[in-house]
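S.K.: My questions all concern the structure below.
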Amino acid sequence: MERMPLSKEPLSQYLLSKMATSDTFSLAISSAMLGSALSTIRPESLLWGIAGLFSLYLFISDYIGESEVNILIKNIPSFKTYSILTYISVALSGFLLTFDATLLFTFVVIFPVIINAFMVRPFVFVNLYKKNYTRLFGVIDA
């Protein structure tokens, strides 16, 4: 990491939670757009597919970058497993959302995924980040 890591201050915690939310959001948008492109093959499906590939590019570039989320994923095995399971559930639910399913099935599948990806995961990430800050970055937050 070429810059200093974010601190444990409240403003930085807000930025950290936005980081944890943005990668899952870009994956959800990408899988929903690609699913929409595949569910009905029409001329505008090409546009949905290109937009989905662009969102997938944003997710991949964020995933391979040197952000605080990736440092935590690389260094804490339990968070890595949790993140991979979250990514899989978000991608599958975003993809399946575009196909015709009953409203009850969609609600039962999508609601826990949304709660996990956009509320629980940022909270878990910020707490793990604060707890392991010195071990991960080798500096004490002043």
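Going by the structure tokens order, chains are called A, B, ..., each with residues numbered from 1, while ligands are numbered from 1 in the order shown.
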What's the 9 Å shell around Val113 (chain A), counting only C-alpha atoms, without same-chain residues fewer than 2 positions away, as a list in words?
M.R.: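 Residues near the query, excluding close chain neighbours: Thr86, Ser89, Val90, Ser93, Val109, Ile110, Phe111, Ile115, Asn116, Ala117 and Phe118 of chain A.
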S.K.: I'd like the neighbourhood of Ile64 (chain A) as a PyMOL selection string, where a residue qualifies if any of its atoms comes within 12 Å (using only C-alpha atoms), though same-chain residues fewer than 6 positions away should be ignored.
M.R.: chain A and resi 23+57-58+70-71+73-74
S.K.: Among chain A, which residues carry a DSSP assignment of helix (DSSP H, G or I), reported as a ChimeraX atom specification?
M.R.: /A:10-39,45-64,68-75,77-97,103-131,133-137
S.K.: Neighbouring residues of region 4-17 of chain A were defined as those with any atom within 12 Å, considering only C-alpha atoms; residues of the same chain fewer than 6 positions away were excluded. Please report them as JSON, numbers by chain.
M.R.: {"A": [23, 24, 66, 67, 68, 69, 70, 71, 72, 117, 118, 119, 120, 121, 122, 123, 124, 125, 126, 127, 128, 129, 130, 131, 132, 133, 134, 136, 137, 138, 139, 140, 141, 142]}
